[in-house]
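Engineer: So here's run-v8.txt, just compact mmCIF, C-alpha atoms and all ligand atoms:
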```txt
# COMPACT_ATOMS: atom_id res chain seq x y z
CA GLY A 1 4.55 30.68 -17.03
CA LEU A 2 4.71 26.91 -17.03
CA ALA A 3 2.39 26.42 -14.04
CA LEU A 4 -0.63 25.75 -16.24
CA LEU A 5 1.28 23.21 -18.33
CA ILE A 6 2.44 21.41 -15.21
CA ASP A 7 -1.13 21.29 -13.91
CA LYS A 8 -2.34 19.92 -17.22
CA LEU A 9 0.40 17.27 -17.27
CA CYS A 10 -0.49 16.12 -13.75
CA ARG A 11 -4.20 16.04 -14.50
CA THR A 12 -4.19 14.44 -17.96
CA ARG A 13 -0.77 12.70 -18.13
CA SER A 14 -0.49 14.09 -21.62
CA LEU A 15 0.78 17.18 -23.44
CA SER A 16 1.12 18.14 -27.09
CA LEU A 17 4.50 18.06 -28.82
CA GLY A 18 4.71 21.86 -28.66
CA GLU A 19 3.82 21.86 -24.96
CA TYR A 20 6.51 19.31 -24.14
CA GLU A 21 9.00 21.42 -26.05
CA ARG A 22 8.02 24.56 -24.15
CA LEU A 23 8.21 22.73 -20.81
CA ILE A 24 11.80 21.79 -21.64
CA ALA A 25 13.01 24.95 -23.39
CA GLN A 26 11.57 27.40 -20.84
CA ARG A 27 12.48 25.46 -17.71
CA THR A 28 13.76 27.26 -14.62
CA PRO A 29 15.06 26.00 -11.26
CA GLY A 30 11.57 26.76 -9.96
CA THR A 31 9.78 24.57 -12.51
CA ALA A 32 12.31 21.80 -11.87
CA ARG A 33 11.50 21.94 -8.13
CA GLU A 34 7.77 21.92 -8.82
CA LEU A 35 7.95 18.95 -11.21
CA ALA A 36 10.25 17.02 -8.86
CA SER A 37 7.98 17.51 -5.88
CA ARG A 38 4.91 16.44 -7.85
CA ALA A 39 6.77 13.45 -9.33
CA ASP A 40 8.02 12.44 -5.89
CA ALA A 41 4.48 12.60 -4.48
CA VAL A 42 3.14 10.45 -7.33
CA ARG A 43 5.96 7.91 -6.96
CA ARG A 44 5.36 7.71 -3.18
CA ARG A 45 1.71 7.01 -3.85
CA VAL A 46 2.54 4.11 -6.18
CA TYR A 47 5.78 2.70 -4.77
CA GLY A 48 6.22 4.35 -1.36
CA THR A 49 9.88 4.89 -0.47
CA LYS A 50 10.89 1.49 -1.79
CA VAL A 51 13.58 1.42 -4.45
CA PHE A 52 13.84 -1.69 -6.66
CA THR A 53 17.22 -3.13 -7.58
CA ARG A 54 18.27 -5.03 -10.67
CA GLY A 55 21.57 -6.89 -10.78
CA LEU A 56 23.30 -5.95 -14.02
CA ILE A 57 25.50 -8.58 -15.66
CA GLU A 58 27.48 -7.25 -18.63
CA VAL A 59 28.07 -10.40 -20.63
CA SER A 60 29.92 -9.21 -23.74
CA SER A 61 31.80 -6.16 -25.00
CA PHE A 62 31.82 -7.45 -28.60
CA CYS A 63 29.44 -5.52 -30.83
CA LYS A 64 28.67 -5.63 -34.53
CA ASN A 65 27.09 -2.17 -34.48
CA ASP A 66 28.86 1.13 -34.88
CA CYS A 67 26.84 3.67 -32.87
CA LEU A 68 28.79 6.92 -32.96
CA TYR A 69 28.44 7.60 -29.22
CA CYS A 70 29.36 4.18 -27.86
CA GLY A 71 32.78 3.05 -26.65
CA ILE A 72 32.27 -0.59 -27.62
CA ARG A 73 31.34 0.24 -31.26
CA ARG A 74 32.93 -2.13 -33.75
CA SER A 75 35.24 0.58 -35.18
CA ASN A 76 36.93 1.16 -31.84
CA ALA A 77 40.08 -0.88 -32.39
CA THR A 78 41.40 0.09 -28.96
CA ALA A 79 38.47 -1.50 -27.07
CA ARG A 80 39.35 -4.60 -25.05
CA ARG A 81 36.80 -7.26 -25.91
CA TYR A 82 35.61 -10.02 -23.58
CA ARG A 83 32.68 -12.33 -23.26
CA LEU A 84 31.62 -14.20 -20.14
CA PHE A 85 31.22 -17.98 -20.08
CA ALA A 86 27.77 -19.34 -19.27
CA ASP A 87 29.10 -20.64 -15.94
CA GLU A 88 30.39 -17.17 -15.02
CA ILE A 89 27.03 -15.58 -15.82
CA VAL A 90 25.14 -18.12 -13.71
CA LYS A 91 27.63 -17.58 -10.89
CA CYS A 92 27.05 -13.80 -11.01
CA ALA A 93 23.32 -14.47 -10.60
CA ASP A 94 23.98 -16.83 -7.67
CA THR A 95 26.11 -14.17 -5.96
CA GLY A 96 23.43 -11.59 -6.67
CA TYR A 97 20.73 -13.80 -5.23
CA ASP A 98 22.61 -14.05 -1.93
CA LEU A 99 22.90 -10.24 -1.90
CA GLY A 100 19.11 -9.86 -2.21
CA PHE A 101 18.67 -9.34 -5.97
CA ARG A 102 15.51 -10.85 -7.47
CA THR A 103 15.98 -9.50 -10.99
CA PHE A 104 18.97 -10.11 -13.22
CA VAL A 105 19.61 -8.00 -16.29
CA LEU A 106 21.81 -9.67 -18.87
CA GLN A 107 23.20 -7.00 -21.17
CA GLY A 108 25.72 -6.98 -23.96
CA GLY A 109 26.82 -5.57 -27.27
CA GLU A 110 25.24 -7.19 -30.32
CA ASP A 111 27.57 -10.18 -30.21
CA PRO A 112 26.64 -12.99 -32.64
CA PHE A 113 28.23 -15.47 -30.23
CA PHE A 114 25.17 -15.04 -28.00
CA ALA A 115 22.85 -16.77 -30.45
CA ASP A 116 19.42 -17.92 -29.32
CA ASP A 117 20.54 -21.41 -28.22
CA VAL A 118 23.32 -20.01 -26.05
CA LEU A 119 21.09 -17.39 -24.43
CA CYS A 120 18.16 -19.77 -23.96
CA GLY A 121 20.45 -22.18 -22.11
CA ILE A 122 21.66 -19.45 -19.76
CA ILE A 123 18.15 -18.07 -19.15
CA GLY A 124 16.90 -21.60 -18.38
CA ARG A 125 19.70 -22.23 -15.89
CA ILE A 126 19.09 -18.96 -14.02
CA ARG A 127 15.31 -19.49 -13.94
CA ALA A 128 15.76 -23.08 -12.70
CA ALA A 129 18.18 -22.06 -9.95
CA HIS A 130 16.12 -19.02 -8.87
CA PRO A 131 12.45 -19.50 -9.77
CA ASP A 132 11.47 -16.45 -7.71
CA CYS A 133 13.60 -14.16 -9.91
CA ALA A 134 12.95 -12.31 -13.16
CA VAL A 135 15.40 -12.37 -16.06
CA THR A 136 15.63 -9.20 -18.13
CA LEU A 137 17.53 -9.11 -21.42
CA SER A 138 19.25 -6.23 -23.18
CA PHE A 139 20.97 -7.47 -26.34
CA GLY A 140 19.76 -4.95 -28.86
CA GLU A 141 17.91 -5.63 -32.09
CA ARG A 142 17.01 -9.23 -32.98
CA SER A 143 14.42 -10.97 -35.11
CA ARG A 144 10.89 -11.50 -33.87
CA LYS A 145 11.55 -15.25 -33.90
CA SER A 146 14.56 -14.75 -31.67
CA TYR A 147 12.62 -12.61 -29.19
CA GLU A 148 9.95 -15.35 -29.14
CA ARG A 149 12.45 -18.07 -28.37
CA LEU A 150 14.08 -16.06 -25.58
CA HIS A 151 10.66 -15.36 -24.09
CA GLU A 152 9.76 -19.05 -24.18
CA ALA A 153 13.03 -19.81 -22.41
CA GLY A 154 11.88 -17.66 -19.50
CA ALA A 155 12.97 -14.06 -20.14
CA GLU A 156 10.05 -11.82 -19.19
CA ARG A 157 11.47 -8.34 -19.72
CA TYR A 158 13.54 -6.65 -22.42
CA LEU A 159 15.38 -3.33 -22.33
CA LEU A 160 15.83 -1.65 -25.70
CA ARG A 161 16.20 2.10 -25.57
CA HIS A 162 14.84 3.78 -28.64
CA GLU A 163 17.77 6.24 -28.10
CA THR A 164 15.94 9.12 -29.83
CA ALA A 165 12.46 9.25 -31.34
CA SER A 166 13.59 11.78 -33.95
CA PRO A 167 14.40 9.96 -37.24
CA ALA A 168 16.88 12.62 -38.41
CA LEU A 169 18.76 12.63 -35.12
CA TYR A 170 18.71 8.82 -35.03
CA ARG A 171 20.53 8.82 -38.38
CA ARG A 172 23.20 11.23 -37.11
CA TRP A 173 23.92 9.00 -34.11
CA HIS A 174 24.07 5.65 -35.89
CA SER A 175 25.78 4.00 -38.81
CA PRO A 176 23.74 3.70 -42.02
CA GLU A 177 22.68 0.06 -41.57
CA MET A 178 20.73 0.98 -38.44
CA SER A 179 17.33 2.68 -38.51
CA LEU A 180 14.76 4.03 -36.09
CA GLU A 181 12.20 2.03 -38.06
CA ASN A 182 13.81 -1.29 -37.14
CA ARG A 183 14.27 -0.17 -33.53
CA MET A 184 10.53 0.56 -33.38
CA ARG A 185 9.74 -2.78 -35.08
CA CYS A 186 11.73 -4.49 -32.31
CA LEU A 187 9.88 -2.59 -29.57
CA SER A 188 6.48 -3.49 -30.97
CA ASP A 189 7.47 -7.15 -31.49
CA LEU A 190 8.65 -7.32 -27.87
CA ARG A 191 5.39 -5.81 -26.67
CA GLU A 192 3.24 -8.18 -28.77
CA ILE A 193 5.16 -11.24 -27.61
CA GLY A 194 4.35 -10.33 -24.03
CA TYR A 195 7.57 -8.90 -22.61
CA ALA A 196 7.54 -6.05 -20.13
CA VAL A 197 9.36 -3.57 -22.36
CA GLY A 198 11.90 -0.89 -21.50
CA ALA A 199 12.34 2.00 -23.93
CA GLY A 200 14.46 5.06 -23.22
CA PHE A 201 16.79 7.70 -24.56
CA MET A 202 20.01 9.62 -24.05
CA VAL A 203 19.92 13.18 -22.76
CA GLY A 204 22.19 15.99 -23.93
CA ALA A 205 23.78 13.97 -26.72
CA PRO A 206 25.26 15.76 -29.76
CA PHE A 207 22.85 17.82 -31.92
CA GLN A 208 19.87 17.07 -29.64
CA THR A 209 17.37 19.92 -29.16
CA ALA A 210 14.36 20.52 -26.92
CA ALA A 211 12.18 19.61 -29.94
CA ASP A 212 13.93 16.23 -30.19
CA LEU A 213 13.37 15.56 -26.48
CA ALA A 214 9.72 16.53 -26.90
CA CYS A 215 9.48 13.71 -29.50
CA ASP A 216 10.92 11.32 -26.91
CA LEU A 217 8.33 12.35 -24.32
CA GLN A 218 5.51 12.02 -26.81
CA PHE A 219 6.77 8.57 -27.77
CA ILE A 220 6.86 7.52 -24.10
CA GLU A 221 3.32 8.85 -23.64
CA ARG A 222 2.07 6.89 -26.67
CA PHE A 223 4.02 3.65 -26.26
CA GLN A 224 3.54 3.45 -22.47
CA PRO A 225 6.63 1.29 -21.81
CA GLU A 226 6.75 -0.61 -18.52
CA MET A 227 10.30 0.71 -18.00
CA CYS A 228 12.10 3.79 -19.23
CA GLY A 229 15.89 4.08 -19.11
CA ILE A 230 17.17 7.60 -19.55
CA GLY A 231 20.66 8.81 -18.84
CA PRO A 232 22.95 11.62 -19.86
CA PHE A 233 25.21 11.17 -22.87
CA VAL A 234 28.77 10.80 -21.60
CA PRO A 235 31.57 11.12 -24.18
CA HIS A 236 33.97 8.25 -24.83
CA HIS A 237 37.49 9.24 -25.89
CA ALA A 238 37.75 6.77 -28.81
CA THR A 239 34.48 7.63 -30.60
CA PRO A 240 33.50 10.28 -33.18
CA PHE A 241 31.61 12.07 -30.39
CA SER A 242 34.63 12.32 -28.07
CA ALA A 243 34.81 16.13 -28.17
CA PHE A 244 31.16 16.81 -27.33
CA ALA A 245 30.06 17.95 -23.87
CA PRO A 246 28.19 15.49 -21.69
CA GLY A 247 24.51 15.84 -20.89
CA THR A 248 23.62 17.39 -17.54
CA ALA A 249 22.17 15.90 -14.37
CA GLU A 250 19.85 18.89 -14.21
CA LEU A 251 18.12 18.15 -17.55
CA THR A 252 18.15 14.37 -16.95
CA CYS A 253 16.39 14.79 -13.59
CA TYR A 254 13.91 17.25 -15.11
CA LEU A 255 12.95 14.65 -17.72
CA LEU A 256 12.74 11.89 -15.09
CA SER A 257 10.14 13.97 -13.26
CA ILE A 258 8.12 14.54 -16.44
CA ILE A 259 8.18 10.82 -17.32
CA ARG A 260 6.97 9.91 -13.82
CA LEU A 261 4.05 12.30 -14.30
CA ILE A 262 3.25 10.91 -17.78
CA LYS A 263 3.13 7.36 -16.40
CA PRO A 264 2.86 7.26 -12.59
CA ASN A 265 3.64 3.52 -12.32
CA VAL A 266 6.56 3.39 -14.79
CA LEU A 267 9.73 1.63 -13.61
CA LEU A 268 12.30 4.38 -13.85
CA PRO A 269 15.98 3.81 -13.12
CA ALA A 270 18.44 6.35 -11.76
CA THR A 271 21.17 5.22 -14.15
CA THR A 272 24.89 4.59 -13.83
CA ALA A 273 25.53 7.33 -16.41
CA LEU A 274 23.70 9.80 -14.14
CA GLY A 275 25.88 8.65 -11.24
CA THR A 276 28.94 9.14 -13.46
CA ILE A 277 28.45 12.81 -14.42
CA VAL A 278 27.83 13.94 -10.81
CA PRO A 279 28.77 12.10 -7.61
CA ASP A 280 25.24 12.18 -6.19
CA GLY A 281 23.52 11.59 -9.54
CA ARG A 282 21.62 8.46 -8.56
CA GLU A 283 20.33 10.09 -5.36
CA ARG A 284 19.21 13.12 -7.37
CA GLY A 285 17.50 10.80 -9.85
CA ILE A 286 15.52 9.08 -7.09
CA LEU A 287 14.55 12.44 -5.59
CA ALA A 288 13.32 13.54 -9.05
CA GLY A 289 10.98 10.54 -9.34
CA ALA A 290 13.05 7.46 -10.28
CA ASN A 291 12.42 4.22 -8.34
CA VAL A 292 14.99 1.71 -9.64
CA VAL A 293 18.76 1.30 -9.40
CA MET A 294 20.88 -1.20 -11.30
CA PRO A 295 24.07 -2.08 -9.44
CA ASN A 296 26.74 -4.01 -11.28
CA LEU A 297 27.11 -7.75 -10.69
CA SER A 298 29.68 -8.35 -13.46
CA PRO A 299 33.01 -9.96 -12.51
CA VAL A 300 35.41 -7.18 -11.48
CA ALA A 301 38.09 -8.54 -13.85
CA HIS A 302 36.00 -7.46 -16.86
CA ARG A 303 34.12 -4.40 -15.63
CA LYS A 304 36.53 -1.84 -17.02
CA ASP A 305 36.14 -3.41 -20.45
CA TYR A 306 32.39 -2.81 -20.68
CA ASP A 307 33.54 0.67 -21.54
CA LEU A 308 30.55 2.51 -23.03
CA TYR A 309 31.73 5.98 -21.92
CA ASP A 310 34.61 7.54 -19.99
CA ASN A 311 34.91 7.49 -16.18
CA LYS A 312 32.11 4.93 -15.70
CA ILE A 313 31.61 4.41 -11.95
CA CYS A 314 31.67 1.15 -9.97
CA THR A 315 34.22 -0.56 -12.22
CA GLY A 316 36.50 -1.56 -9.34
CA GLU A 317 34.06 -2.71 -6.70
CA GLU A 318 32.87 -6.19 -5.81
CA ALA A 319 29.15 -6.89 -6.16
CA ALA A 320 28.67 -6.84 -2.38
CA GLU A 321 30.30 -3.41 -2.11
CA CYS A 322 28.07 -2.04 -4.90
CA ARG A 323 24.96 -3.30 -3.15
CA GLY A 324 26.13 -1.91 0.19
CA CYS A 325 27.14 1.47 -1.20
CA LEU A 326 23.85 1.99 -3.01
CA GLY A 327 21.86 0.81 0.00
CA ALA A 328 23.59 3.41 2.16
CA ARG A 329 23.09 6.11 -0.46
CA MET A 330 19.35 5.39 -0.61
CA LEU A 331 19.00 5.40 3.19
CA SER A 332 20.80 8.75 3.33
CA ILE A 333 17.94 10.34 1.33
CA GLY A 334 15.10 8.47 3.06
CA TYR A 335 14.58 5.58 0.63
CA GLU A 336 15.34 1.89 0.98
CA LEU A 337 16.43 -0.88 -1.35
CA VAL A 338 14.04 -3.81 -1.20
CA VAL A 339 14.38 -7.54 -1.90
CA ASP A 340 11.73 -7.87 -4.62
CA ARG A 341 11.34 -8.79 -8.29
CA GLY A 342 10.13 -5.25 -8.76
CA ASP A 343 7.25 -5.76 -11.18
CA MET A 344 5.30 -2.73 -12.33
CA ALA A 345 2.53 -1.71 -9.92
CA PRO A 346 -1.01 -1.01 -11.17
CA LEU A 347 -1.77 2.49 -12.34
CA PRO A 348 -3.44 4.62 -9.65
CA GLU A 349 -6.64 6.44 -10.50
CA ALA A 350 -6.21 9.96 -11.80
N1 LIG A 401 23.45 -3.42 -27.39
C1 LIG A 401 22.28 -3.26 -26.59
C2 LIG A 401 21.39 -2.17 -27.11
O1 LIG A 401 21.72 -1.53 -28.12
O2 LIG A 401 20.33 -1.93 -26.54
C3 LIG A 401 22.58 -3.06 -25.11
C4 LIG A 401 23.89 -2.43 -24.76
S1 LIG A 401 24.01 -0.69 -25.12
C5 LIG A 401 25.70 -0.43 -24.84
C6 LIG A 401 23.19 0.00 -23.70
C7 LIG A 401 22.94 1.50 -23.71
O3 LIG A 401 24.14 2.21 -23.48
C8 LIG A 401 22.42 2.09 -24.99
O4 LIG A 401 21.04 1.94 -25.07
C9 LIG A 401 22.87 3.56 -24.90
O5 LIG A 401 21.78 4.43 -24.62
C10 LIG A 401 23.87 3.56 -23.75
N2 LIG A 401 25.12 4.25 -24.13
C11 LIG A 401 26.01 3.87 -25.07
N3 LIG A 401 26.99 4.78 -25.19
C12 LIG A 401 26.71 5.77 -24.31
C13 LIG A 401 27.33 7.02 -23.99
N4 LIG A 401 28.43 7.43 -24.61
N5 LIG A 401 26.76 7.79 -23.04
C14 LIG A 401 25.64 7.37 -22.40
N6 LIG A 401 25.00 6.23 -22.68
C15 LIG A 401 25.52 5.44 -23.63
```
Please re-express this file's structure in C-alpha cells.
Structural biologist:
Amino acid sequence: GLALLIDKLCRTRSLSLGEYERLIAQRTPGTARELASRADAVRRRVYGTKVFTRGLIEVSSFCKNDCLYCGIRRSNATARRYRLFADEIVKCADTGYDLGFRTFVLQGGEDPFFADDVLCGIIGRIRAAHPDCAVTLSFGERSRKSYERLHEAGAERYLLRHETASPALYRRWHSPEMSLENRMRCLSDLREIGYAVGAGFMVGAPFQTAADLACDLQFIERFQPEMCGIGPFVPHHATPFSAFAPGTAELTCYLLSIIRLIKPNVLLPATTALGTIVPDGRERGILAGANVVMPNLSPVAHRKDYDLYDNKICTGEEAAECRGCLGARMLSIGYELVVDRGDMAPLPEA
C-alpha cells in the first residue's frame, strides 16, 4: 500500500520521482484522507487555524502571450480587454486596507503598457500609503533588470507559476516563443534578487499524467518556493483547449496535502479556480492543508473581463461582499481570516 510512502514523506519531506508518481497514480479515498489529516496537523502546528488573505487586483486583461489554456491569450479576438488606471489600482488597495487586507497582489496579462516605470510608480504609491502592507506582483516573465527595478520600488513577493515542470508538456500548452527554460530563468532571478517567490502548476490540464505531476512535486521539493499556487485547469470556451474536461477538486486537494507535507511552512492558497469547479472548493482546499485565500478586490465593472476560464466565481460581488463571504466560509469549517501581511513562518523541526 501507500502507507509506507506517506510515512516516508512525513518523516523526510522528500520522495523520489517514481514514488511521487505512485502516490498519485495509486491514490484511493483512504490515502487522500490520511494525507489530508497529516497535512492539516502540520499546518495547524505552523499556522494554527489562521488563514491569510491577499487582496487580488487584476490590472490588465491585455496579454502578448498565447497560452493555449488561457482565455485572455492574444489570439482570442472575442476577449474584452481593459486596463486599470493607476488611480483605480491605488483606490482598490485603499478599499482593501479598510477591509483588513495587508497584502495586495497586482496581477495581469503580459501587457507592455505596464512597463517598469508605470509599475514602479504604482508600487511606490501603495507602499507609501500603507507601509504595513506587502505588495506582491504577478505579471509573468520579465527581464532580470525589470525584476530588480520592481523590487527596489518596494515589491517583495512575485507569483510566477511554472505551470508544468515537464518540458514536453510545457511545449504542448504554450506557443513556440515561450519555453520552460525561460520560466525557470525568471524563477531563479526572482529568488536571487530577494523576492519571496511563488511557483505553482495547473492540475488536470490536457495531456497531463501522474508522471508529469510527479515532476511538479519534485520541482517544488527542490526549489522550495515560499508560495505555491495550484489550481485545477478550467476550460475556456474560446481557446484551443475548450473541449477538454476540467481538473478535479479531488486531485487538486490531494496535491495540496502532499505539498504541505513537502514544505510544512509553505504559503498555499485555496484558489479561485478550485472554488469554481465545486461550490465548496476553497473550504476543501483549506481542509486539505492550504492556508491562504485570495479574494478579489478588482473593480466590479471589469471583473468579468479578466476571463481566464469559464464560470469564474466572484465576478459580480463588491470587495466587501467577497471578504465577508470568505470570512463566513472559513468560520463554518473552524478557521478564521486574519488581518496580517501573512509572511512565511519559520520551518518547524522535523
Ligand atoms: N501573466 C501572468 C503569468 O503568466 O504568470 C499572470 C496572469 S496568468 C492569467 C495567472 C494564472 O492563471 C496562470 O499562471 C495560469 O496557471 C492560470 N490560468 C490561466 N488559464 C487557466 C485555465 N484555463 N484554468 C486554470 N487556470 C488558468
Engineer: Write out as a list in words which residues come within 8 Å of segment 168-183 of chain A when counting all atoms listed in the file, dropping same-chain ones fewer than 6 positions away.
Structural biologist: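 Answer for this query is Asn65, Asp66, Cys67, Leu68, Tyr69, Glu141, His162, Phe207, Gln208 and Asp212 of chain A.
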Engineer: Select the residues contacting ligand LIG 401 (chain A) at a distance of at most 7 Å, based on only C-alpha atoms and all ligand atoms, then format the selection as a PyMOL selection string.
Structural biologist: chain A and resi 69-71+107-110+138-141+159-161+163+201-202+231-236+273+308-309
Engineer: Quick check, in Å to one decimal: how far apart do atom CA of Ala77 of chain A and atom CA of Tyr306 of chain A lie?
Structural biologist: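 So the two atoms, atom CA of Ala77 of chain A and atom CA of Tyr306 of chain A, lie 14.1 Å apart.
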Engineer: Please report, as JSON lines, each residue of segment 184-299 of chain A lying at most 8 Å from segment 52-63 of chain A, together with the nearest pair of atoms and the separation in Å rounded to one decimal; use only C-alpha atoms, and order rows by chain and ascending residue number.
Structural biologist:
```
{"residue": "A:Asn291", "atom": "CA", "partner": "A:Phe52", "partner_atom": "CA", "distance": 6.3}
{"residue": "A:Val292", "atom": "CA", "partner": "A:Phe52", "partner_atom": "CA", "distance": 4.7}
{"residue": "A:Val293", "atom": "CA", "partner": "A:Thr53", "partner_atom": "CA", "distance": 5.0}
{"residue": "A:Met294", "atom": "CA", "partner": "A:Arg54", "partner_atom": "CA", "distance": 4.7}
{"residue": "A:Pro295", "atom": "CA", "partner": "A:Gly55", "partner_atom": "CA", "distance": 5.6}
{"residue": "A:Asn296", "atom": "CA", "partner": "A:Leu56", "partner_atom": "CA", "distance": 4.8}
{"residue": "A:Leu297", "atom": "CA", "partner": "A:Ile57", "partner_atom": "CA", "distance": 5.3}
{"residue": "A:Ser298", "atom": "CA", "partner": "A:Ile57", "partner_atom": "CA", "distance": 4.7}
```
Engineer: Name the residues within 10 Å of (10.9, 12.8, -11.9), counting all atoms listed in the file in the file's coordinates, and put them as a PyMOL selection string.
Structural biologist: chain A and resi 32-33+35-43+252-262+264+268+270+284-291
Engineer: Would you place a box with edges along x, y and z of the file around all atoms of segment 279-289 of chain A listed there, add 8 Å to each of its six sides, and report the centre and edge lengths in Å to one decimal, as JSON?
Structural biologist:
```
{"center_x": 19.9, "center_y": 11.0, "center_z": -7.6, "size_x": 33.8, "size_y": 21.1, "size_z": 20.5}
```
Engineer: Which value, in Å to one decimal, gives the distance between atom CA of Ser143 of chain A and atom CA of Ala205 of chain A?
Structural biologist: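 Atom CA of Ala205 of chain A lies at a distance of 27.9 Å from atom CA of Ser143 of chain A.
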Engineer: Calculated over only C-alpha atoms, which of the candidates A:Ile24, A:Leu331, A:Leu326, A:Ala249 has the smallest distance to Asp216 of chain A?
Structural biologist: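 Between A:Ile24, A:Leu331, A:Leu326, A:Ala249, the residue approaching Asp216 of chain A most closely is A:Ile24.
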